[in-house]
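See below for the structure under consideration.
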Amino acid sequence: TSLPSPSVTGVLAVQKQAMANGAPGALTRIDSGASSYRIAVGKADTAADTAMDADRRFRVGSVSKTFTTVVLLQLVAEGRVDLDAPANDYLPKPLPDDRITVRHLLSHRSGLWDYTNDMFYHTVPGFEAVRNKVFTFQELIDLSTAHQPTNQPGAAYSYSNTNFVVLGQLIEHVTGVPMATQYEQRIFQPLGLKNTSYVHPQTTITGSYARGYVRDDDTTLPLVDSTEQTVSWAQSAGAVISNSADLNRFFAAIVSGKLVPQPQLREMMSMVPVNADGTQSYGLGLRGRKLSCGVTVYGHTGTVQGYYTYAFTTADGKRSMTSMANTSNNGTVNTVLAGTLEAAFCGVDPV
Ligand SMILES: CC1(C)S[C@@H]2[C@H](NC(=O)CCCC[C@H](NC(=O)C[NH3+])C(=O)[O-])C(=O)N2[C@H]1C(=O)[O-]
């Protein structure tokens, strides 16, 4: 089925509305067949008064979870991990419940408490307390298992960063190879993602990048520049740096079978509804969103201090879109930015 042409005016209107609600800037890149559209507004660096452009790198937050999923599913295809085995078969220290399987972790059905609920209860103090900290995977897992589970394994969908921290530990324990090397050798190099990196625990972003600005819980206070941080509180759940062109190529490659063999891709794209009207779903490290024009797109969202991201592609990978606004702790901006999906894939001006 052919899609309507993307609405560039719609993207622009959404990005301007994001700025009107507090984002210093925003960018969107749409790749559709041989056509590429790059739309940017506002500032990449407010102190230096530098204009945003759509090629700049940024922290992708939980879009990192899909990178971790690709590595894991390649290990499944290689026969080194069984999706339905207990995660404890592959971990250096057992989780409290042997019934938690690898699949439960990938689909946010393990019940493991999300330690960021406590860590970032107060947004800026919580961030400043961990901005330069380096955690081990185990330290983060221990923060989680100090709490009761949210549900019995498999009984419910309950999004938790802990799941993808456990998966990072699992991958390193099974292979003896660090996540940074796994991402580089299994994804970044094969796809030629020249603007994508995993530099944890380094705090700086190299090359051309957008600075990120987290909003204080007291919204009358100035934005806080949150660009430099280790993201060690997230690692395999959120520490990848990329840009819009690379994310578009990454998600198109996934659904086109270039990164994960068909049997595992089918598992990854087996979506379970996660909201009341079924317009949002989750598979394995992958979100599905059904749009107003009936198209379902596949990808992931990201929220990390200073950056909101949407990165999605069509089931056939023929059209991909990544949008980013360089602020966070601002639910209105996050909701407004989702309008880029409607503009990019349904050709509507949602404003
Ligand atoms: C499920 C989400 C939204 S949260 C999860 C992950 N991001 C985090 O866990 C960071 C949470 C703190 C971010 C911080 N907020 C606060 O501190 C609030 N007190 C801010 O906005 O800068 C990510 O990314 N995922 C998003 C996803 O997958 O879309």
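Residues are referred to by chain and number: the chain letter is A, B, ... according to the order shown in the structure tokens, the number counts from 1 in that chain, and ligands are numbered separately from 1 in the order shown.
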Item checked: Asn132 of chain A surroundings by only C-alpha atoms, 8 Å radius, close-in-sequence under 4 positions cut, as an NGL selection string -> :A and (128 or 203 or 229-230)
Those residues with N, CA and C atoms, as a compact mmCIF listing (two decimals), in the first residue's frame please?
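Result file follows (out09.txt):
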# COMPACT_ATOMS: atom_id res chain seq x y z
N GLU A 128 21.53 15.16 38.77
CA GLU A 128 22.87 15.64 39.18
C GLU A 128 23.58 14.61 40.05
N THR A 203 31.54 11.03 29.04
CA THR A 203 30.38 11.93 29.16
C THR A 203 30.21 12.85 27.95
N GLN A 229 26.83 13.64 30.41
CA GLN A 229 26.55 12.70 31.49
C GLN A 229 27.06 11.32 31.06
N THR A 230 27.28 10.43 32.00
CA THR A 230 27.77 9.08 31.67
C THR A 230 26.66 8.21 31.11
task = Write out as a PyMOL selection string each polymer residue (protein, DNA or RNA) that has an atom no more than 6 Å from ligand 1, with only C-alpha atoms and all ligand atoms counted.
result = chain A and resi 61-62+116+120-123+214+301-306+328-329
With only C-alpha atoms as the counted atoms, please give the residues lying no more than 10 Å from Ser64 of chain A, apart from itself and same-chain residues fewer than 4 positions off, as a PDB file with N, CA and C atoms, in the first residue's frame.
ATOM      1  N   ARG A  59      21.612  12.095  22.296  1.00  0.00           N
ATOM      2  CA  ARG A  59      21.435  10.897  23.103  1.00  0.00           C
ATOM      3  C   ARG A  59      20.050  10.320  22.782  1.00  0.00           C
ATOM      4  N   VAL A  60      19.988   9.026  22.468  1.00  0.00           N
ATOM      5  CA  VAL A  60      18.738   8.436  21.972  1.00  0.00           C
ATOM      6  C   VAL A  60      17.923   7.781  23.082  1.00  0.00           C
ATOM      7  N   THR A  68      20.161  -3.213  21.756  1.00  0.00           N
ATOM      8  CA  THR A  68      20.465  -4.348  22.641  1.00  0.00           C
ATOM      9  C   THR A  68      19.685  -5.586  22.205  1.00  0.00           C
ATOM     10  N   THR A  69      18.439  -5.361  21.780  1.00  0.00           N
ATOM     11  CA  THR A  69      17.589  -6.475  21.316  1.00  0.00           C
ATOM     12  C   THR A  69      18.172  -7.142  20.077  1.00  0.00           C
ATOM     13  N   PHE A 164      16.407  -4.236  30.497  1.00  0.00           N
ATOM     14  CA  PHE A 164      17.455  -4.129  29.479  1.00  0.00           C
ATOM     15  C   PHE A 164      18.845  -3.929  30.077  1.00  0.00           C
ATOM     16  N   TYR A 198      28.712   4.179  21.185  1.00  0.00           N
ATOM     17  CA  TYR A 198      28.402   3.769  22.556  1.00  0.00           C
ATOM     18  C   TYR A 198      29.680   4.015  23.351  1.00  0.00           C
ATOM     19  N   ALA A 234      21.768   3.872  32.804  1.00  0.00           N
ATOM     20  CA  ALA A 234      20.961   3.157  31.797  1.00  0.00           C
ATOM     21  C   ALA A 234      21.785   2.179  30.963  1.00  0.00           C
ATOM     22  N   GLN A 235      22.967   2.576  30.466  1.00  0.00           N
ATOM     23  CA  GLN A 235      23.870   1.692  29.700  1.00  0.00           C
ATOM     24  C   GLN A 235      23.109   0.979  28.556  1.00  0.00           C
ATOM     25  N   SER A 236      22.974  -0.334  28.609  1.00  0.00           N
ATOM     26  CA  SER A 236      22.327  -1.095  27.520  1.00  0.00           C
ATOM     27  C   SER A 236      20.828  -0.815  27.437  1.00  0.00           C
ATOM     28  N   ALA A 237      20.314  -0.031  28.386  1.00  0.00           N
ATOM     29  CA  ALA A 237      18.908   0.402  28.344  1.00  0.00           C
ATOM     30  C   ALA A 237      18.763   1.812  27.825  1.00  0.00           C
ATOM     31  N   GLY A 238      19.894   2.549  27.587  1.00  0.00           N
ATOM     32  CA  GLY A 238      19.702   3.938  27.179  1.00  0.00           C
ATOM     33  C   GLY A 238      20.898   4.786  26.852  1.00  0.00           C
ATOM     34  N   ALA A 239      22.095   4.231  26.622  1.00  0.00           N
ATOM     35  CA  ALA A 239      23.283   5.078  26.506  1.00  0.00           C
ATOM     36  C   ALA A 239      23.809   5.264  25.082  1.00  0.00           C
ATOM     37  N   VAL A 240      23.100   4.829  24.069  1.00  0.00           N
ATOM     38  CA  VAL A 240      23.566   5.001  22.687  1.00  0.00           C
ATOM     39  C   VAL A 240      23.420   6.460  22.250  1.00  0.00           C
ATOM     40  N   ILE A 241      24.398   6.910  21.437  1.00  0.00           N
ATOM     41  CA  ILE A 241      24.362   8.230  20.797  1.00  0.00           C
ATOM     42  C   ILE A 241      24.217   7.982  19.297  1.00  0.00           C
ATOM     43  N   SER A 242      23.354   8.743  18.627  1.00  0.00           N
ATOM     44  CA  SER A 242      23.191   8.523  17.194  1.00  0.00           C
ATOM     45  C   SER A 242      22.703   9.806  16.526  1.00  0.00           C
ATOM     46  N   GLY A 285      11.701  -5.485  22.470  1.00  0.00           N
ATOM     47  CA  GLY A 285      12.550  -4.299  22.312  1.00  0.00           C
ATOM     48  C   GLY A 285      12.109  -3.401  21.186  1.00  0.00           C
ATOM     49  N   HIS A 300      11.123   2.830  18.203  1.00  0.00           N
ATOM     50  CA  HIS A 300      11.188   3.033  19.652  1.00  0.00           C
ATOM     51  C   HIS A 300      11.207   4.532  19.951  1.00  0.00           C
ATOM     52  N   THR A 301      10.825   4.836  21.167  1.00  0.00           N
ATOM     53  CA  THR A 301      10.888   6.211  21.656  1.00  0.00           C
ATOM     54  C   THR A 301      12.026   6.300  22.661  1.00  0.00           C
ATOM     55  N   GLY A 302      12.413   7.521  22.963  1.00  0.00           N
ATOM     56  CA  GLY A 302      13.492   7.721  23.932  1.00  0.00           C
ATOM     57  C   GLY A 302      13.254   8.957  24.753  1.00  0.00           C
TER      58      GLY A 302
END
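If you measure from each of A:Gln264, A:Asp31, A:Tyr37, A:Asn334 to Thr314 of chain A using only C-alpha atoms, the closest one turns out to be A:Asp31.
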Worksheet item: Can you list, as a PyMOL selection string, every residue of segment 206-330 of chain A that DSSP puts in strand (DSSP E)?
Response: chain A and resi 213-214+224-225+241-242+272-273+280-282+287-290+296-304+307-314+319-325+327-328
_Could you list, as number ranges by chain, every residue within 12 Å of Leu247 of chain A, counting only C-alpha atoms and ignoring same-chain residues fewer than 2 positions away?_
A: 28-31, 55, 57-60, 63-64, 66-67, 187-188, 191-197, 240-245, 249-254, 299-302, 309-313, 317, 320-324
Which residues come within 9 Å of Trp113 of chain A, counting only C-alpha atoms, excluding same-chain residues fewer than 3 positions away, as a PyMOL selection string?
chain A and resi 110+116-117+143-150+158-163
* If you run DSSP over the backbone, which residues in segment 5-244 of chain A end up helix (DSSP H, G or I)? Put them as a PyMOL selection string. => chain A and resi 8-20+61-77+87-90+102-106+116-119+123-130+137-145+161-175+179-191+235-237+244
